[in-house]
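**Q** Pasting my_file36.pdb here (PDB, C-alpha atoms and all ligand atoms):
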```pdb
MODEL        1
ATOM      1  CA  MET A  59      -0.967  -4.447  31.601
ATOM      2  CA  LYS A  60       0.717  -2.597  28.796
ATOM      3  CA  LYS A  61      -1.344  -2.623  25.610
ATOM      4  CA  PHE A  62      -0.207  -4.328  22.459
ATOM      5  CA  GLU A  63       0.838  -2.025  19.700
ATOM      6  CA  LEU A  64       1.037  -3.410  16.225
ATOM      7  CA  LYS A  65       2.450  -1.755  13.183
ATOM      8  CA  GLU A  66       2.382  -3.304   9.750
ATOM      9  CA  PHE A  67       5.848  -3.623   8.304
ATOM     10  CA  ASN A  68       6.054  -1.737   5.040
ATOM     11  CA  GLY A  69       9.427  -2.908   3.853
ATOM     12  CA  LYS A  70      11.374   0.005   5.255
ATOM     13  CA  MET A  71      14.977  -0.961   5.845
ATOM     14  CA  GLY A  72      16.104  -1.051   9.435
ATOM     15  CA  GLU A  73      12.665  -1.587  10.915
ATOM     16  CA  ILE A  74      13.243  -5.289  11.301
ATOM     17  CA  ASP A  75      16.444  -7.140  12.017
ATOM     18  CA  ARG A  76      18.377  -7.868   8.875
ATOM     19  CA  ASP A  77      18.329 -11.596   9.676
ATOM     20  CA  TRP A  78      14.641 -11.708   8.887
ATOM     21  CA  TYR A  79      14.873 -10.316   5.375
ATOM     22  CA  ASP A  80      15.397 -13.818   4.004
ATOM     23  CA  PHE A  81      12.657 -15.413   6.055
ATOM     24  CA  SER A  82       9.633 -16.054   3.899
ATOM     25  CA  PRO A  83       6.675 -18.366   3.298
ATOM     26  CA  PHE A  84       8.003 -21.679   2.086
ATOM     27  CA  GLU A  85       5.140 -24.116   1.714
ATOM     28  CA  CYS A  86       1.408 -24.314   2.261
ATOM     29  CA  MET A  87       0.782 -27.105   4.766
ATOM     30  CA  ASP A  88      -2.613 -27.788   3.219
ATOM     31  CA  CYS A  89      -2.020 -27.928  -0.534
ATOM     32  CA  LYS A  90       1.804 -28.049  -0.722
ATOM     33  CA  ASN A  91       1.877 -24.946  -2.898
ATOM     34  CA  SER A  92       5.194 -23.165  -2.642
ATOM     35  CA  GLU A  93       4.651 -19.856  -4.405
ATOM     36  CA  GLY A  94       2.412 -16.804  -4.483
ATOM     37  CA  PHE A  95       1.810 -16.120  -0.816
ATOM     38  CA  GLN A  96       0.229 -12.994   0.518
ATOM     39  CA  THR A  97       2.433 -12.018   3.416
ATOM     40  CA  LYS A  98       1.791  -9.774   6.363
ATOM     41  CA  ILE A  99       4.445  -8.781   8.836
ATOM     42  CA  PHE A 100       3.756  -6.772  11.953
ATOM     43  CA  LEU A 101       6.111  -5.147  14.354
ATOM     44  CA  ILE A 102       4.911  -5.595  17.889
ATOM     45  CA  ASN A 103       5.890  -3.787  21.070
ATOM     46  CA  LYS A 104       5.939  -6.855  23.323
ATOM     47  CA  ILE A 105       5.654 -10.624  23.414
ATOM     48  CA  PRO A 106       2.573 -12.128  25.086
ATOM     49  CA  LYS A 107       3.593 -13.648  28.395
ATOM     50  CA  SER A 108       0.320 -15.006  29.736
ATOM     51  CA  LYS A 109      -2.807 -16.740  28.471
ATOM     52  CA  ASP A 110      -4.694 -13.441  28.818
ATOM     53  CA  GLU A 111      -2.160 -11.612  26.717
ATOM     54  CA  GLU A 112      -2.193 -14.375  24.145
ATOM     55  CA  SER A 113      -5.945 -14.158  23.730
ATOM     56  CA  GLU A 114      -5.809 -10.357  23.638
ATOM     57  CA  LEU A 115      -3.266 -10.511  20.827
ATOM     58  CA  LYS A 116      -5.312 -13.163  19.031
ATOM     59  CA  ARG A 117      -8.325 -10.855  19.180
ATOM     60  CA  ILE A 118      -6.374  -7.897  17.806
ATOM     61  CA  LEU A 119      -5.063  -9.988  14.932
ATOM     62  CA  LEU A 120      -8.485 -11.451  14.171
ATOM     63  CA  GLU A 121      -9.745  -7.890  13.716
ATOM     64  CA  ARG A 122      -7.176  -7.617  10.971
ATOM     65  CA  GLY A 123      -8.311 -10.893   9.439
ATOM     66  CA  ILE A 124      -5.417 -12.957  10.691
ATOM     67  CA  LYS A 125      -6.093 -16.351  12.233
ATOM     68  CA  GLU A 126      -2.786 -18.161  12.011
ATOM     69  CA  TYR A 127       0.472 -16.458  12.782
ATOM     70  CA  GLY A 128       3.877 -16.928  14.234
ATOM     71  CA  ILE A 129       5.524 -14.717  16.817
ATOM     72  CA  PHE A 130       9.247 -14.297  16.585
ATOM     73  CA  SER A 131      11.116 -12.719  19.405
ATOM     74  CA  SER A 132      14.336 -11.145  18.351
ATOM     75  CA  ASN A 133      15.516  -7.643  19.293
ATOM     76  CA  LYS A 134      12.410  -6.337  17.602
ATOM     77  CA  PRO A 135       9.621  -8.902  17.962
ATOM     78  CA  LEU A 136       7.649  -9.727  14.843
ATOM     79  CA  ILE A 137       4.391 -11.340  13.916
ATOM     80  CA  LEU A 138       4.365 -13.165  10.613
ATOM     81  CA  SER A 139       1.358 -14.325   8.707
ATOM     82  CA  ALA A 140       0.853 -15.577   5.174
ATOM     83  CA  ILE A 141      -2.040 -16.726   3.054
ATOM     84  CA  CYS A 142      -1.774 -19.272   0.258
ATOM     85  CA  GLN A 143      -3.135 -17.730  -2.932
ATOM     86  CA  LYS A 144      -3.999 -21.155  -4.270
ATOM     87  CA  CYS A 145      -6.219 -22.610  -1.544
ATOM     88  CA  GLY A 146      -6.684 -19.658   0.826
ATOM     89  CA  SER A 147      -5.118 -21.446   3.778
ATOM     90  CA  ASP A 148      -3.116 -19.537   6.342
ATOM     91  CA  ASN A 149      -1.441 -22.657   7.599
ATOM     92  CA  ILE A 150       1.946 -21.857   6.103
ATOM     93  CA  PHE A 151       5.393 -23.138   6.843
ATOM     94  CA  TRP A 152       8.104 -20.426   6.826
ATOM     95  CA  ASP A 153      11.764 -20.878   6.246
ATOM     96  CA  PHE A 154      14.907 -18.988   5.368
ATOM     97  CA  LYS A 155      15.504 -18.576   1.652
ATOM     98  CA  LYS A 156      18.376 -20.633   0.370
ATOM     99  CA  LYS A 157      21.247 -18.477  -0.724
TER
HETATM  100 ZN    ZN B   1      -2.541 -23.870  -0.162
ENDMDL
END
```
Would you mind writing the file's structure down as structure tokens?
Ligand SMILES: [Zn+2]

**A**
Amino acid sequence: MKKFELKEFNGKMGEIDRDWYDFSPFECMDCKNSEGFQTKIFLINKIPKSKDEESELKRILLERGIKEYGIFSSNKPLILSAICQKCGSDNIFWDFKKK
């Protein structure tokens, strides 16, 4: 199977779909904190399609210290992860910023 390739998103315009620019950590599910999240966004070359691929991706992300994450498949699939600076949880609810 094709290997996963991950690249950390560094904020460069055009690398992710514009729709995602307003998507950000909204609330910590553990302590209800709603500010000061440490966010990591990765660009990924493919979406896991089997249990094997899911565990492979999980392993790759664990190596980077990421336990909880969301995968979003748009034109350019993304992996989003955030850590609550208050309680250290990575169980974070994401939402689109209100305009
Ligand atoms: Zn928290």

**Q** I'd like the interatomic distance between atom CA of Asp153 of chain A and atom CA of Glu121 of chain A, to a tenth of an Å.

**A**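 Spanning atom CA of Asp153 of chain A to atom CA of Glu121 of chain A is a straight-line distance of 26.2 Å.
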
**Q** Anything within 10 Å of (6.9, -21.9, 0.0): list those residues as a ChimeraX atom specification, counting all atoms listed in the file and sticking to the file's coordinates.

**A** /A:82-87,90-95,142,150-153,155

**Q** Please provide as an MDAnalysis selection string all residues within 8 Å of Ile129 of chain A, with the sequence filter that same-chain residues fewer than 5 positions apart are discarded (counting all atoms listed in the file).

**A** chainID A and resid 105 135:138

**Q** Smallest atom-to-atom distance to Leu119 of chain A: which of A:Ser131, A:Asn149, A:Ser139, A:Gln96, using all atoms listed in the file?

**A**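 Nearest candidate to Leu119 of chain A out of A:Ser131, A:Asn149, A:Ser139, A:Gln96: A:Ser139.
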
**Q** My list of candidates is A:Gly128, A:Ile102, A:Gly146, A:Ala140. Which is closest to Phe62 of chain A when distances are computed with only C-alpha atoms?

**A** A:Ile102

**Q** In Å to one decimal, how far is atom CA of Gly123 of chain A from atom CA of Lys109 of chain A?

**A**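 Atom CA of Gly123 of chain A lies at a distance of 20.7 Å from atom CA of Lys109 of chain A.
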
**Q** Can you work out the spacing between atom CA of Leu101 of chain A and atom CA of Lys134 of chain A in Å, to one decimal?

**A**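 Computing the Euclidean distance for atom CA of Leu101 of chain A and atom CA of Lys134 of chain A yields 7.2 Å.
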
**Q** Which is closer to ligand ZN 1 (chain B) than all the others in A:Phe154, A:Glu63, A:Asp88, A:Glu126, using only C-alpha atoms and all ligand atoms?

**A**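 Residue with the minimum atom-to-atom distance to ligand ZN 1 (chain B): A:Asp88.
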
**Q** If you count all atoms listed in the file, which residues fall within 12 Å of Glu73 of chain A, apart from same-chain ones fewer than 2 positions away, as a ChimeraX atom specification?

**A** /A:65-71,75-79,99-102,133-136

**Q** Using all atoms listed in the file and a cutoff of 12 Å, can you tell me which residues are near (3.4, -0.7, 32.3) in the file's coordinates, and write them out as a PDB file with C-alpha atoms, in the frame of the given file?

**A**
```pdb
ATOM      1  CA  MET A  59      -0.967  -4.447  31.601  1.00  0.00           C
ATOM      2  CA  LYS A  60       0.717  -2.597  28.796  1.00  0.00           C
ATOM      3  CA  LYS A  61      -1.344  -2.623  25.610  1.00  0.00           C
ATOM      4  CA  PHE A  62      -0.207  -4.328  22.459  1.00  0.00           C
ATOM      5  CA  ASN A 103       5.890  -3.787  21.070  1.00  0.00           C
ATOM      6  CA  LYS A 104       5.939  -6.855  23.323  1.00  0.00           C
TER       7      LYS A 104
END
```

**Q** Of the residues A:Cys89, A:Lys156, A:Ser108, A:Arg117, which is the one nearest to ligand ZN 1 (chain B), using only C-alpha atoms and all ligand atoms?

**A** A:Cys89

**Q** If I wrap all listed atoms of segment 127-137 of chain A in a box with edges along x, y and z and add 6 Å on each side, what are its centre and edge lengths in Å to one decimal, as JSON?

**A**
```
{"center_x": 8.0, "center_y": -11.6, "center_z": 16.1, "size_x": 27.0, "size_y": 22.6, "size_z": 18.6}
```

**Q** Rank A:Gly72, A:Phe81, A:Ile141, A:Pro106 by their smallest atom-to-atom distance to Ile124 of chain A, using only C-alpha atoms, and report the top residue only.

**A** A:Ile141
